[in-house]
Structures are given as C-alpha cells and as structure tokens.
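Colleague: What follows is input-v7.csv; its format and atoms are CSV, C-alpha atoms.
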chain,number,residue,atom,x,y,z
A,1,MET,CA,0.0,0.0,0.0
A,2,THR,CA,1.4,3.4,-0.9
A,3,ASP,CA,1.7,6.2,1.6
A,4,ALA,CA,-0.1,8.7,-0.8
A,5,MET,CA,-3.0,8.5,-3.2
A,6,THR,CA,-3.1,10.1,-6.6
A,7,PRO,CA,-3.3,13.9,-6.4
A,8,VAL,CA,-6.8,15.2,-7.1
A,9,PRO,CA,-7.4,18.8,-8.2
A,10,ALA,CA,-9.7,20.8,-6.0
A,11,PRO,CA,-12.8,22.2,-7.6
A,12,PRO,CA,-12.5,25.9,-8.5
A,13,PRO,CA,-13.9,28.2,-5.9
A,14,ALA,CA,-17.2,29.9,-6.6
A,15,GLY,CA,-17.1,33.0,-8.8
A,16,THR,CA,-13.9,32.1,-10.7
A,17,ALA,CA,-15.6,30.8,-13.9
A,18,PRO,CA,-14.5,32.6,-17.1
A,19,ALA,CA,-16.4,35.9,-17.6
A,20,SER,CA,-16.8,36.6,-21.3
A,21,ARG,CA,-17.8,40.1,-22.2
A,22,GLU,CA,-18.2,42.1,-25.4
A,23,TYR,CA,-16.1,45.2,-26.1
A,24,PRO,CA,-18.5,47.8,-24.7
A,25,GLN,CA,-18.4,46.0,-21.3
A,26,ALA,CA,-14.7,45.0,-21.5
A,27,LEU,CA,-13.9,47.0,-18.3
A,28,ARG,CA,-16.6,45.1,-16.2
A,29,GLY,CA,-14.2,42.4,-15.2
A,30,PRO,CA,-13.7,40.6,-11.9
A,31,TRP,CA,-11.8,43.7,-10.7
A,32,HIS,CA,-14.7,46.0,-11.4
A,33,ARG,CA,-16.0,48.1,-8.5
A,34,TRP,CA,-18.3,51.1,-8.6
A,35,TRP,CA,-15.5,53.5,-8.0
A,36,ARG,CA,-13.2,52.3,-10.7
A,37,PRO,CA,-14.9,54.2,-13.6
A,38,LEU,CA,-14.5,57.3,-11.4
A,39,LEU,CA,-10.8,56.5,-11.0
A,40,GLY,CA,-10.4,56.2,-14.8
A,41,LEU,CA,-12.2,59.5,-15.3
A,42,GLY,CA,-10.0,61.2,-12.7
A,43,ALA,CA,-6.9,60.0,-14.5
A,44,LEU,CA,-8.2,61.4,-17.8
A,45,VAL,CA,-9.0,64.8,-16.2
A,46,ALA,CA,-5.5,64.8,-14.6
A,47,ALA,CA,-3.9,64.2,-18.0
A,48,LEU,CA,-6.0,67.0,-19.5
A,49,VAL,CA,-4.9,69.3,-16.7
A,50,VAL,CA,-1.2,68.5,-17.5
A,51,LEU,CA,-1.9,69.3,-21.2
A,52,PHE,CA,-3.6,72.6,-20.2
A,53,GLY,CA,-0.7,73.4,-18.0
A,54,ALA,CA,1.7,72.9,-20.9
A,55,MET,CA,-0.4,75.4,-23.0
A,56,LEU,CA,-0.2,77.9,-20.2
A,57,LEU,CA,3.5,77.4,-20.0
A,58,TYR,CA,3.8,78.1,-23.7
A,59,LEU,CA,1.9,81.3,-23.3
A,60,PHE,CA,4.2,82.3,-20.5
A,61,VAL,CA,7.3,81.5,-22.7
A,62,PHE,CA,5.7,83.5,-25.5
A,63,ILE,CA,5.2,86.6,-23.3
A,64,VAL,CA,8.8,86.4,-22.0
A,65,ALA,CA,10.1,85.9,-25.5
A,66,GLN,CA,8.1,88.8,-26.9
A,67,ALA,CA,9.5,91.0,-24.1
A,68,ALA,CA,13.0,89.9,-25.0
A,69,GLY,CA,12.4,90.6,-28.7
A,70,VAL,CA,12.3,86.9,-29.8
A,71,GLN,CA,9.6,86.1,-32.4
A,72,LEU,CA,7.6,83.0,-31.7
A,73,LEU,CA,4.3,81.8,-33.1
A,74,ASP,CA,1.7,84.3,-31.9
A,75,PRO,CA,-1.5,82.5,-30.7
A,76,THR,CA,-3.5,85.5,-31.8
A,77,SER,CA,-2.3,85.0,-35.4
A,78,VAL,CA,-4.0,81.7,-35.7
A,79,THR,CA,-6.7,82.1,-38.4
A,80,ASP,CA,-8.8,79.9,-40.6
A,81,ALA,CA,-6.1,79.9,-43.3
A,82,TRP,CA,-3.4,78.9,-40.7
A,83,PHE,CA,-5.3,75.6,-40.1
A,84,ALA,CA,-4.8,74.7,-43.8
A,85,SER,CA,-1.1,75.4,-43.7
A,86,PRO,CA,1.4,72.5,-43.2
A,87,VAL,CA,2.2,73.7,-39.6
A,88,GLY,CA,-1.4,74.3,-38.8
A,89,LEU,CA,-2.5,70.9,-40.1
A,90,LEU,CA,0.4,69.2,-38.2
A,91,VAL,CA,-0.5,70.9,-34.9
A,92,THR,CA,-4.2,70.0,-35.4
A,93,ASN,CA,-3.6,66.4,-36.2
A,94,LEU,CA,-1.1,65.8,-33.4
A,95,GLY,CA,-3.5,67.5,-31.0
A,96,LEU,CA,-6.3,65.2,-31.9
A,97,ALA,CA,-3.9,62.2,-31.8
A,98,LEU,CA,-3.5,62.8,-28.1
A,99,GLY,CA,-6.8,60.9,-27.8
A,100,ILE,CA,-4.7,57.7,-28.0
A,101,PRO,CA,-2.5,58.2,-24.9
A,102,LEU,CA,-5.4,59.8,-23.0
A,103,ALA,CA,-7.5,56.7,-23.6
A,104,LEU,CA,-4.7,54.3,-22.7
A,105,VAL,CA,-4.0,56.2,-19.4
A,106,ALA,CA,-7.7,56.3,-18.4
A,107,THR,CA,-8.2,52.6,-19.3
A,108,TRP,CA,-5.1,51.5,-17.3
A,109,ALA,CA,-6.2,53.5,-14.3
A,110,GLN,CA,-9.6,51.9,-14.4
A,111,ALA,CA,-8.8,48.3,-15.3
A,112,LYS,CA,-4.9,47.9,-15.1
A,113,ARG,CA,-5.0,46.6,-18.7
A,114,ALA,CA,-4.6,49.6,-21.0
A,115,GLY,CA,-4.7,47.3,-24.1
A,116,LEU,CA,-8.4,46.6,-23.6
A,117,VAL,CA,-9.2,49.9,-25.2
A,118,SER,CA,-7.7,48.7,-28.4
A,119,SER,CA,-9.5,45.3,-28.6
A,120,VAL,CA,-10.8,42.5,-26.5
A,121,VAL,CA,-7.4,40.7,-26.8
A,122,ALA,CA,-5.7,43.8,-25.2
A,123,ARG,CA,-3.7,44.7,-28.2
A,124,VAL,CA,-3.9,46.1,-31.8
A,125,ARG,CA,-4.6,43.4,-34.4
A,126,TRP,CA,-2.5,44.8,-37.1
A,127,ARG,CA,-3.6,42.4,-39.9
A,128,LEU,CA,-7.2,43.4,-39.2
A,129,LEU,CA,-6.3,47.1,-39.2
A,130,LEU,CA,-4.1,47.2,-42.3
A,131,GLY,CA,-6.3,44.8,-44.2
A,132,GLY,CA,-9.4,46.8,-43.4
A,133,LEU,CA,-7.6,50.1,-44.4
A,134,GLY,CA,-6.7,48.7,-47.8
A,135,LEU,CA,-10.2,47.4,-48.4
A,136,ALA,CA,-11.8,50.6,-47.3
A,137,LEU,CA,-9.7,52.6,-49.7
A,138,LEU,CA,-10.5,50.2,-52.5
A,139,VAL,CA,-14.2,50.7,-51.9
A,140,LEU,CA,-14.2,54.4,-51.0
A,141,VAL,CA,-12.1,55.7,-54.0
A,142,PRO,CA,-14.5,54.7,-56.7
A,143,LEU,CA,-17.6,55.4,-54.6
A,144,THR,CA,-16.3,58.9,-53.8
A,145,LEU,CA,-15.4,59.7,-57.4
A,146,GLY,CA,-18.7,58.4,-58.6
A,147,SER,CA,-20.6,60.4,-56.0
A,148,ASP,CA,-18.8,63.6,-57.0
A,149,LEU,CA,-19.7,62.8,-60.6
A,150,VAL,CA,-23.4,62.5,-59.6
A,151,LEU,CA,-23.2,65.8,-57.7
A,152,THR,CA,-21.7,67.4,-60.8
A,153,GLN,CA,-24.6,66.2,-62.9
A,154,LEU,CA,-27.1,67.4,-60.3
A,155,ASP,CA,-25.4,70.9,-60.4
A,156,LEU,CA,-24.4,70.6,-56.7
A,157,PRO,CA,-21.0,71.4,-55.2
A,158,ALA,CA,-18.8,68.7,-53.9
A,159,ASP,CA,-17.4,69.1,-50.4
A,160,ASP,CA,-13.8,68.0,-51.2
A,161,GLY,CA,-12.6,71.3,-52.6
A,162,SER,CA,-12.2,69.8,-56.0
A,163,GLY,CA,-14.3,72.4,-57.8
A,164,ALA,CA,-16.0,69.6,-59.7
A,165,ASP,CA,-19.4,71.1,-59.5
A,166,GLY,CA,-22.0,72.2,-62.0
A,167,SER,CA,-21.2,75.9,-61.9
A,168,GLY,CA,-20.0,77.8,-64.9
A,169,ASP,CA,-16.5,77.9,-63.5
A,170,ASP,CA,-16.2,74.1,-63.4
A,171,GLU,CA,-13.2,72.8,-65.3
A,172,GLY,CA,-13.7,69.1,-64.4
A,173,TRP,CA,-11.2,66.8,-62.8
A,174,TRP,CA,-8.3,67.9,-65.0
A,175,PRO,CA,-6.0,69.8,-64.8
A,176,LEU,CA,-5.2,69.6,-61.1
A,177,THR,CA,-5.0,72.9,-59.1
A,178,PRO,CA,-2.9,71.8,-56.1
A,179,ALA,CA,-2.2,74.1,-53.1
A,180,SER,CA,1.0,76.0,-53.2
A,181,ALA,CA,2.4,73.9,-50.3
A,182,TRP,CA,1.0,70.6,-51.7
A,183,MET,CA,4.1,68.6,-51.1
A,184,ALA,CA,4.5,69.5,-47.4
A,185,LEU,CA,0.7,69.1,-46.9
A,186,THR,CA,0.8,65.7,-48.5
A,187,VAL,CA,3.6,64.6,-46.2
A,188,VAL,CA,1.7,65.9,-43.1
A,189,VAL,CA,-1.5,64.1,-44.2
A,190,LEU,CA,0.2,60.8,-44.9
A,191,LEU,CA,2.1,60.8,-41.6
A,192,THR,CA,-0.3,62.3,-39.1
A,193,THR,CA,-3.8,61.9,-40.4
A,194,PRO,CA,-3.9,58.2,-39.5
A,195,LEU,CA,-2.9,59.3,-35.9
A,196,GLN,CA,-5.6,62.0,-35.9
A,197,ALA,CA,-8.3,59.6,-37.0
A,198,ALA,CA,-7.1,56.9,-34.5
A,199,GLY,CA,-7.1,59.5,-31.7
A,200,GLU,CA,-10.7,60.3,-32.3
A,201,GLU,CA,-11.7,56.6,-32.4
A,202,TYR,CA,-9.7,55.8,-29.3
A,203,PHE,CA,-11.4,58.6,-27.4
A,204,PHE,CA,-15.0,58.3,-28.6
A,205,ARG,CA,-15.5,54.6,-29.7
A,206,GLY,CA,-12.8,53.4,-27.3
A,207,TRP,CA,-12.5,54.9,-23.9
A,208,LEU,CA,-15.8,56.7,-23.7
A,209,SER,CA,-17.8,53.8,-25.0
A,210,GLN,CA,-16.2,51.4,-22.5
A,211,TRP,CA,-16.5,53.9,-19.7
A,212,ILE,CA,-20.2,54.2,-20.3
A,213,GLY,CA,-20.5,50.4,-20.7
A,214,SER,CA,-18.8,49.8,-17.4
A,215,TRP,CA,-21.7,51.4,-15.6
A,216,LEU,CA,-24.3,49.2,-17.4
A,217,ARG,CA,-25.0,45.6,-16.3
A,218,TRP,CA,-27.3,44.6,-19.1
A,219,ARG,CA,-25.7,43.6,-22.4
A,220,TRP,CA,-28.0,45.3,-24.9
A,221,LEU,CA,-28.0,48.6,-23.0
A,222,ALA,CA,-24.2,48.5,-22.9
A,223,VAL,CA,-24.2,48.1,-26.7
A,224,VAL,CA,-26.8,50.7,-27.6
A,225,VAL,CA,-26.4,53.5,-25.1
A,226,PRO,CA,-22.6,54.1,-25.6
A,227,ALA,CA,-23.1,53.9,-29.4
A,228,VAL,CA,-25.8,56.6,-29.4
A,229,VAL,CA,-24.1,58.9,-26.8
A,230,THR,CA,-20.7,58.7,-28.4
A,231,ALA,CA,-22.0,59.3,-31.9
A,232,PHE,CA,-23.9,62.3,-30.8
A,233,LEU,CA,-20.9,63.8,-29.0
A,234,PHE,CA,-18.6,63.0,-31.9
A,235,ALA,CA,-20.9,64.9,-34.3
A,236,LEU,CA,-21.3,67.7,-31.8
A,237,ALA,CA,-17.6,68.1,-31.4
A,238,HIS,CA,-17.2,69.2,-35.0
A,239,GLY,CA,-18.8,72.5,-34.2
A,240,THR,CA,-21.4,74.5,-36.1
A,241,GLN,CA,-22.9,72.5,-38.9
A,242,SER,CA,-26.0,72.1,-40.9
A,243,PRO,CA,-28.6,69.3,-40.1
A,244,TRP,CA,-27.4,67.1,-43.0
A,245,LEU,CA,-23.8,67.4,-42.1
A,246,PHE,CA,-24.6,66.7,-38.5
A,247,ALA,CA,-26.6,63.6,-39.6
A,248,ASP,CA,-23.7,62.5,-41.8
A,249,ARG,CA,-21.3,62.6,-38.9
A,250,LEU,CA,-23.9,61.1,-36.5
A,251,VAL,CA,-24.4,58.1,-38.8
A,252,PHE,CA,-20.6,57.7,-39.2
A,253,GLY,CA,-20.3,57.5,-35.4
A,254,LEU,CA,-23.1,54.9,-35.1
A,255,ILE,CA,-21.5,52.8,-37.9
A,256,ALA,CA,-18.1,53.0,-36.3
A,257,SER,CA,-19.6,51.7,-33.1
A,258,LEU,CA,-21.2,48.9,-35.1
A,259,LEU,CA,-17.8,47.9,-36.5
A,260,VAL,CA,-16.3,47.9,-33.0
A,261,TRP,CA,-19.0,45.8,-31.6
A,262,ARG,CA,-19.0,43.2,-34.4
A,263,THR,CA,-15.2,42.8,-34.5
A,264,GLY,CA,-14.3,43.3,-30.8
A,265,GLY,CA,-12.0,46.2,-31.3
A,266,LEU,CA,-11.2,49.6,-32.8
A,267,GLU,CA,-9.3,48.3,-35.8
A,268,LEU,CA,-11.9,48.5,-38.5
A,269,ALA,CA,-13.4,51.8,-37.1
A,270,VAL,CA,-9.9,53.3,-37.3
A,271,ALA,CA,-9.4,51.9,-40.8
A,272,LEU,CA,-12.7,53.4,-42.1
A,273,HIS,CA,-11.9,56.8,-40.4
A,274,VAL,CA,-8.4,56.9,-41.7
A,275,ALA,CA,-9.4,55.9,-45.3
A,276,ASN,CA,-12.2,58.6,-45.3
A,277,ASN,CA,-9.9,61.4,-44.1
A,278,LEU,CA,-7.0,60.4,-46.3
A,279,LEU,CA,-9.2,60.5,-49.4
A,280,ALA,CA,-11.0,63.7,-48.4
A,281,PHE,CA,-7.8,65.6,-47.5
A,282,GLY,CA,-6.0,64.2,-50.6
A,283,LEU,CA,-8.6,65.5,-53.0
A,284,ALA,CA,-8.8,68.8,-51.1
A,285,ILE,CA,-5.0,69.3,-51.5
A,286,ALA,CA,-5.1,68.3,-55.1
A,287,TYR,CA,-7.7,71.1,-55.8
A,288,ASP,CA,-6.5,73.7,-53.3
A,289,GLY,CA,-9.6,73.3,-51.1
A,290,LEU,CA,-8.2,72.1,-47.8
A,291,ALA,CA,-9.4,75.1,-45.9
A,292,ASP,CA,-12.9,74.6,-47.1
A,293,SER,CA,-12.7,70.9,-46.4
A,294,LEU,CA,-11.5,71.4,-42.8
A,295,LEU,CA,-13.9,74.2,-42.0
A,296,ILE,CA,-17.0,73.0,-43.8
A,297,THR,CA,-20.2,73.8,-41.9
A,298,GLU,CA,-23.0,72.7,-44.3
A,299,VAL,CA,-23.8,70.4,-47.2
A,300,PRO,CA,-26.9,70.1,-49.4
A,301,PRO,CA,-29.4,67.4,-48.4
A,302,VAL,CA,-28.6,65.3,-51.5
A,303,GLU,CA,-24.8,65.4,-50.8
A,304,GLY,CA,-25.4,64.4,-47.2
A,305,ALA,CA,-27.6,61.5,-48.2
A,306,ILE,CA,-25.0,60.3,-50.8
A,307,SER,CA,-22.2,60.5,-48.2
A,308,ILE,CA,-24.2,58.5,-45.7
A,309,GLY,CA,-24.9,55.9,-48.4
A,310,VAL,CA,-21.2,55.6,-49.3
A,311,THR,CA,-20.4,55.1,-45.6
A,312,ILE,CA,-23.0,52.4,-45.3
A,313,VAL,CA,-21.9,50.5,-48.4
A,314,THR,CA,-18.2,50.6,-47.3
A,315,THR,CA,-19.2,49.4,-43.8
A,316,ALA,CA,-21.2,46.5,-45.3
A,317,VAL,CA,-18.1,45.4,-47.3
A,318,LEU,CA,-15.9,45.7,-44.2
A,319,LEU,CA,-18.3,43.6,-42.1
A,320,TRP,CA,-18.5,40.9,-44.8
A,321,TRP,CA,-14.7,40.8,-44.9
A,322,ALA,CA,-14.4,40.7,-41.1
A,323,ARG,CA,-17.0,37.9,-40.8
A,324,ARG,CA,-14.7,35.7,-43.0
A,325,ARG,CA,-11.8,36.4,-40.8
A,326,ARG,CA,-13.7,35.7,-37.6
A,327,PRO,CA,-11.9,38.1,-35.2
A,328,THR,CA,-12.2,37.5,-31.5
A,329,ARG,CA,-15.3,39.4,-30.2
A,330,MET,CA,-15.2,38.5,-26.5
A,331,VAL,CA,-12.8,39.3,-23.7
A,332,THR,CA,-12.3,36.4,-21.4
A,333,ASP,CA,-10.6,36.8,-18.0
A,334,PRO,CA,-8.0,34.3,-17.1
A,335,VAL,CA,-9.1,31.7,-14.5
A,336,PRO,CA,-6.9,31.4,-11.4
A,337,ALA,CA,-5.2,28.0,-11.2
A,338,ALA,CA,-7.0,25.7,-8.9
A,339,PRO,CA,-5.0,24.4,-5.9
A,340,VAL,CA,-4.1,20.7,-6.0
A,341,LEU,CA,-4.8,18.7,-2.9
A,342,THR,CA,-2.9,15.5,-2.1
A,343,TYR,CA,-4.7,13.0,0.0
A,344,GLN,CA,-2.2,10.9,2.0
A,345,ALA,CA,-3.0,7.7,3.7
A,346,ALA,CA,-3.2,8.0,7.5
A,347,SER,CA,-0.2,6.8,9.5
A,348,TYR,CA,-1.3,4.4,12.4
A,349,PRO,CA,0.8,2.9,15.2
A,350,ALA,CA,2.1,-0.6,14.3
A,351,ALA,CA,-0.2,-2.3,16.8
A,352,TYR,CA,-3.2,-1.0,14.9
A,353,ARG,CA,-2.0,-1.6,11.3
A,354,ALA,CA,-3.6,-4.3,9.3
A,355,ASP,CA,-0.2,-5.8,8.4
A,356,ALA,CA,1.3,-5.3,11.9
A,357,GLY,CA,1.1,-9.0,12.7
A,358,LEU,CA,2.7,-10.0,9.4
A,359,ALA,CA,5.5,-7.5,10.0
A,360,SER,CA,6.0,-8.8,13.5
A,361,GLY,CA,6.0,-12.4,12.4
A,362,HIS,CA,8.5,-11.8,9.7
A,363,ALA,CA,10.7,-10.0,12.1
A,364,ALA,CA,10.5,-12.9,14.6
A,365,GLU,CA,11.3,-15.5,11.9
A,366,GLY,CA,14.3,-13.4,10.9
A,367,ASP,CA,15.5,-13.3,14.5
A,368,THR,CA,15.1,-17.1,14.8
A,369,ALA,CA,17.0,-17.7,11.7
A,370,LYS,CA,19.8,-15.6,12.9
A,371,GLY,CA,19.9,-17.6,16.1
A,372,ASP,CA,20.0,-20.9,14.2
A,373,ARG,CA,22.9,-19.7,12.1
A,374,ALA,CA,24.7,-18.6,15.2
How would this structure read if it were set down as structure tokens?

Modeller:
Amino acid sequence: MTDAMTPVPAPPPAGTAPASREYPQALRGPWHRWWRPLLGLGALVAALVVLFGAMLLYLFVFIVAQAAGVQLLDPTSVTDAWFASPVGLLVTNLGLALGIPLALVATWAQAKRAGLVSSVVARVRWRLLLGGLGLALLVLVPLTLGSDLVLTQLDLPADDGSGADGSGDDEGWWPLTPASAWMALTVVVLLTTPLQAAGEEYFFRGWLSQWIGSWLRWRWLAVVVPAVVTAFLFALAHGTQSPWLFADRLVFGLIASLLVWRTGGLELAVALHVANNLLAFGLAIAYDGLADSLLITEVPPVEGAISIGVTIVTTAVLLWWARRRRPTRMVTDPVPAAPVLTYQAASYPAAYRADAGLASGHAAEGDTAKGDRA
C-alpha cells in the first residue's frame, strides 16, 4: 500500500468561472468596482490638466520671448487659413492624436489593462487594421469619385474642394490645381492623419464607450447606449454644422460603433476613419480646397444623403470581410489556477496496522533464523 494517493485537483472556488464580455463591457471584469470608472475619469482629467498646463507654459514663454524681442508663433495670429497650412494641419492632427495616450491612461487607471481599449485581446490586431484600411480605400475611392460625378450632374457642389461642380467655372477633374504647399501638406497628411483619426476613435468609440458600458450591467443597454451617446458627442464636437452634415457625422459614429462591436476592437473603425480622411484631404489638397474641407459647416441634403450611403456601403463590405476572418469578439478573464490537494494515507501505530502481525511475524522469523545460524 502506498503512503499517498493520486493527487486530485480541488474544484475551483465559486465565482472564478471565465467571464466573457463584449467590447463595450470590457472593463466590467472581476476587478470592477463602482468606484473604478471614477478612477479612470479622474486619470483622464488629470492628464488633461497637464496638457492645459503645458499650454499655459507656452503662453508664459511667449510673453517672455516677446519682451526679449524673440519672435515665436503668436497665438492671436491663428486664423482659418493657418489651419490649412502645413504647420497648422500638423498641430491640429497631433493635438487630436492625443486621444490615444489619454484613452490608454484612463483605461489603465480603471482596469490595469490599457490594451483593452484597443481590442478584447488587449492589443492592436495589425492584420485586421491594415487589411481593413486597404479594403476601405478600394471601396471608397470609386464610390467617392462616382458620388462627386453624380453631384456634378445634379449641379451641386462637392465638399472635397475639387471644384468639380455644376457651376459655370467648373473645369472638371483635370487639370489639377494643387495648393502651393501641396508637397508639405501631403507629407503631413500621410504621416499624421492616421494618428488624428485613430485618436478620435480611441477617445469616442474606445475609452468613452467602454467607460459608459462599465456602468451598465445589461448587455444590450451596454451596446446601444454608448453607441448613441458617443455618436452624438462625436458629431457635436465638429462645431457649427447644418442638419445634414450633422446627420452624416452622427451616422458615421453609429456605424463606427457597429464595427467595433461586431469585431471586438477599434481596428476597422480606425481603418474606415483613416481611409475617409486620407481621401478627403488628398482630394482637397489636389484642388486647393483644404481650408474649405477642414472648416466645412454645411452640405446640401442630396450630398449628405449620398455621403451617408457611401459610408453604409463601405461598412457593409468591411463587415462581410471581417466575418470571413472571424476576429475574437469577447474578452475572457484568465481563471486562477485551482489548488491541487494531495490525499495521504493515514499513519497508524504498528499495533493497529492491518499488516502489523505480518510484519512482527517476519521479524520474529528473521531473529530465529539468525539464532539458528549462530
């Protein structure tokens, strides 16, 4: 008989079963407490205070430099035309790109897993992002050019600054009339517009959606409420705009949330946003209409409806492609390893062991044999 039986794993304690959640509720893990969303919000506010302090520091340096006769960028000289310059576009894009680190900091403060704001697997799925970006461009380019052609036939202006409208001054798509600083603007757009678009998605569809979802226990509420709220705030953040332009941006926000929910991450929403902005800014630079494109405040109803239709068609293609790739849509918390219990046979005094007599008998026979040999 062995002294120990085969080790038997103990059953996992109650409450440690895997908890699978969709992206909007990714921050409602086992660590979730009512105060954790407040902690994340506090971290975001603290980061914004730091950024605001940096702006105040710049103003102080500007005042001192002016007193010393050193010329720096005058904040009062920032006009609409400045935003369409290479420096203005660079500053604007990098400022909006700060949404990425802000979202990461707030998510880490709330859940200790900053990567959850990127996707349910706590990281960026680059194949999904880059593949979606390429596919979105393949769909958007012909649809955008076709929609501008339709607007031209309807004698309505296009919003890309191309001048391809039905007015008497329309010269068509050729020749190009690029901005004077088109090369510098193109470099800025290619290098920083993806960061700008990602920053907006990380803030609105990322952190803000998950922050709202962390307060909601019911699945469908956590899917619908953040999508509606963030889409409304996203459209509102673009400033003064006509009803159709607001509707266009509102629908874009809702569709971006749909992409996030159906794929479990921000990758395709970022891809759609980046493709849209690259195409819009590229056409605007090619026809010297960047200022109009950046500061647009209204679109005709037909143009708004066509833009919404283009977004819906592109999204449908992206969802079809994503369904074939089957990306992970649920976040699963790791289960703590169950302790292993080893059950040992009890040790009894020799007098009470079942084989005690046999052992004593063998010992006595051994002693007798030794005596005989002696």

Colleague: Within 9 Å of segment 24-39 of chain A, counting all atoms listed in the file, which residues qualify if same-chain residues fewer than 2 places away don't, as a PDB file with C-alpha atoms, keeping the file's coordinate frame?

Modeller:
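Listed below is the output, selection_2.pdb:
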ATOM      1  CA  GLY A  15     -17.100  33.000  -8.800  1.00  0.00           C
ATOM      2  CA  THR A  16     -13.900  32.100 -10.700  1.00  0.00           C
ATOM      3  CA  ALA A  19     -16.400  35.900 -17.600  1.00  0.00           C
ATOM      4  CA  SER A  20     -16.800  36.600 -21.300  1.00  0.00           C
ATOM      5  CA  ARG A  21     -17.800  40.100 -22.200  1.00  0.00           C
ATOM      6  CA  GLU A  22     -18.200  42.100 -25.400  1.00  0.00           C
ATOM      7  CA  LEU A  41     -12.200  59.500 -15.300  1.00  0.00           C
ATOM      8  CA  GLY A  42     -10.000  61.200 -12.700  1.00  0.00           C
ATOM      9  CA  ALA A  43      -6.900  60.000 -14.500  1.00  0.00           C
ATOM     10  CA  LEU A  44      -8.200  61.400 -17.800  1.00  0.00           C
ATOM     11  CA  ALA A 106      -7.700  56.300 -18.400  1.00  0.00           C
ATOM     12  CA  THR A 107      -8.200  52.600 -19.300  1.00  0.00           C
ATOM     13  CA  ALA A 109      -6.200  53.500 -14.300  1.00  0.00           C
ATOM     14  CA  GLN A 110      -9.600  51.900 -14.400  1.00  0.00           C
ATOM     15  CA  ALA A 111      -8.800  48.300 -15.300  1.00  0.00           C
ATOM     16  CA  ARG A 113      -5.000  46.600 -18.700  1.00  0.00           C
ATOM     17  CA  LEU A 116      -8.400  46.600 -23.600  1.00  0.00           C
ATOM     18  CA  VAL A 117      -9.200  49.900 -25.200  1.00  0.00           C
ATOM     19  CA  SER A 119      -9.500  45.300 -28.600  1.00  0.00           C
ATOM     20  CA  VAL A 120     -10.800  42.500 -26.500  1.00  0.00           C
ATOM     21  CA  ARG A 205     -15.500  54.600 -29.700  1.00  0.00           C
ATOM     22  CA  GLY A 206     -12.800  53.400 -27.300  1.00  0.00           C
ATOM     23  CA  SER A 209     -17.800  53.800 -25.000  1.00  0.00           C
ATOM     24  CA  GLN A 210     -16.200  51.400 -22.500  1.00  0.00           C
ATOM     25  CA  TRP A 211     -16.500  53.900 -19.700  1.00  0.00           C
ATOM     26  CA  ILE A 212     -20.200  54.200 -20.300  1.00  0.00           C
ATOM     27  CA  GLY A 213     -20.500  50.400 -20.700  1.00  0.00           C
ATOM     28  CA  SER A 214     -18.800  49.800 -17.400  1.00  0.00           C
ATOM     29  CA  TRP A 215     -21.700  51.400 -15.600  1.00  0.00           C
ATOM     30  CA  LEU A 216     -24.300  49.200 -17.400  1.00  0.00           C
ATOM     31  CA  ARG A 217     -25.000  45.600 -16.300  1.00  0.00           C
ATOM     32  CA  ARG A 219     -25.700  43.600 -22.400  1.00  0.00           C
ATOM     33  CA  ALA A 222     -24.200  48.500 -22.900  1.00  0.00           C
ATOM     34  CA  VAL A 223     -24.200  48.100 -26.700  1.00  0.00           C
ATOM     35  CA  PRO A 226     -22.600  54.100 -25.600  1.00  0.00           C
ATOM     36  CA  ALA A 227     -23.100  53.900 -29.400  1.00  0.00           C
ATOM     37  CA  VAL A 260     -16.300  47.900 -33.000  1.00  0.00           C
ATOM     38  CA  TRP A 261     -19.000  45.800 -31.600  1.00  0.00           C
ATOM     39  CA  GLY A 264     -14.300  43.300 -30.800  1.00  0.00           C
ATOM     40  CA  MET A 330     -15.200  38.500 -26.500  1.00  0.00           C
ATOM     41  CA  VAL A 331     -12.800  39.300 -23.700  1.00  0.00           C
ATOM     42  CA  THR A 332     -12.300  36.400 -21.400  1.00  0.00           C
ATOM     43  CA  ASP A 333     -10.600  36.800 -18.000  1.00  0.00           C
TER      44      ASP A 333
END

Colleague: May I ask for the distance between atom CA of Ser242 of chain A and atom CA of Thr297 of chain A, given in Å to one decimal place?

Modeller: 6.1 Å

Colleague: From the list A:Trp182, A:Trp220, A:Phe60, A:Trp320, which residue is nearest Gly282 of chain A when using all atoms listed in the file?

Modeller: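 Smallest distance to Gly282 of chain A is found for A:Trp182.
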
Colleague: Select, from A:Thr328, A:Leu102, A:Ala67, A:His238, the residue with the minimum atom-to-atom distance to Ala47 of chain A, counting all atoms listed in the file.

Modeller: A:Leu102

Colleague: Excluding same-chain residues fewer than 6 positions from Asn277 of chain A, what lies within 9 Å of it counting all atoms listed in the file, as a ChimeraX atom specification?

Modeller: /A:189,193-194,197

Colleague: Pick out the closest residue to Thr240 of chain A from this set: A:Ala122, A:Ala97, A:Leu295, A:Arg329. Count only C-alpha atoms.

Modeller: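 The shortest atom-to-atom distance to Thr240 of chain A comes from A:Leu295.
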
Colleague: Mind pulling up the distance from atom CA of Ala291 of chain A to atom CA of Ser85 of chain A?

Modeller: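 Spanning atom CA of Ser85 of chain A to atom CA of Ala291 of chain A is a straight-line distance of 8.6 Å.
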
Colleague: Between atom CA of Ser118 of chain A and atom CA of Pro327 of chain A, what is the spacing in Å?

Modeller: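 Calculated distance between atom CA of Pro327 of chain A and atom CA of Ser118 of chain A is 13.3 Å.
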
Colleague: Restricting the calculation to only C-alpha atoms, which member of A:Gly199, A:Gly239, A:Gly309, A:Pro86 is positioned closest to Ile296 of chain A?

Modeller: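 The closest residue to Ile296 of chain A is A:Gly239.
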
Colleague: Within 10 Å of (-7.2, 44.8, -44.0), in the coordinates the file gives, what residues turn up when you count all atoms listed in the file, written out as a ChimeraX atom specification?

Modeller: /A:126-137,267-268,271,318,321-322

Colleague: Within 10 Å of Val141 of chain A, counting only C-alpha atoms, which residues show up once you throw out same-chain ones fewer than 3 positions away? Write them as a list in words, please.

Modeller: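 With the cut-off at 10 Å, the set is Ala136, Leu137, Leu138, Thr144, Leu145, Gly146, Ser147, Ala275, Asn276, Leu279 and Ala280 of chain A.
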
Colleague: Quick one: of A:Val299, A:Leu278, A:Leu104, A:Leu56, who's nearest to Phe246 of chain A, counting only C-alpha atoms?

Modeller: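 Of A:Val299, A:Leu278, A:Leu104, A:Leu56, the one nearest Phe246 of chain A is A:Val299, counting only C-alpha atoms.
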
Colleague: Would you give the centre and edge lengths, in Å to one decimal, of a box along x, y and z around the listed atoms of segment 283-286 of chain A, with 3 Å added to each side, as lines of an AutoDock Vina configuration file?

Modeller:
center_x = -6.9
center_y = 67.4
center_z = -53.1
size_x = 9.8
size_y = 9.8
size_z = 10.0

Colleague: Have a look at A:Gly53, A:Gly88, A:Gly115, A:Gly265 and name the one nearest to Glu201 of chain A; count all atoms listed in the file.

Modeller: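 Once distances to Glu201 of chain A are computed over all atoms listed in the file, the minimum belongs to A:Gly265.
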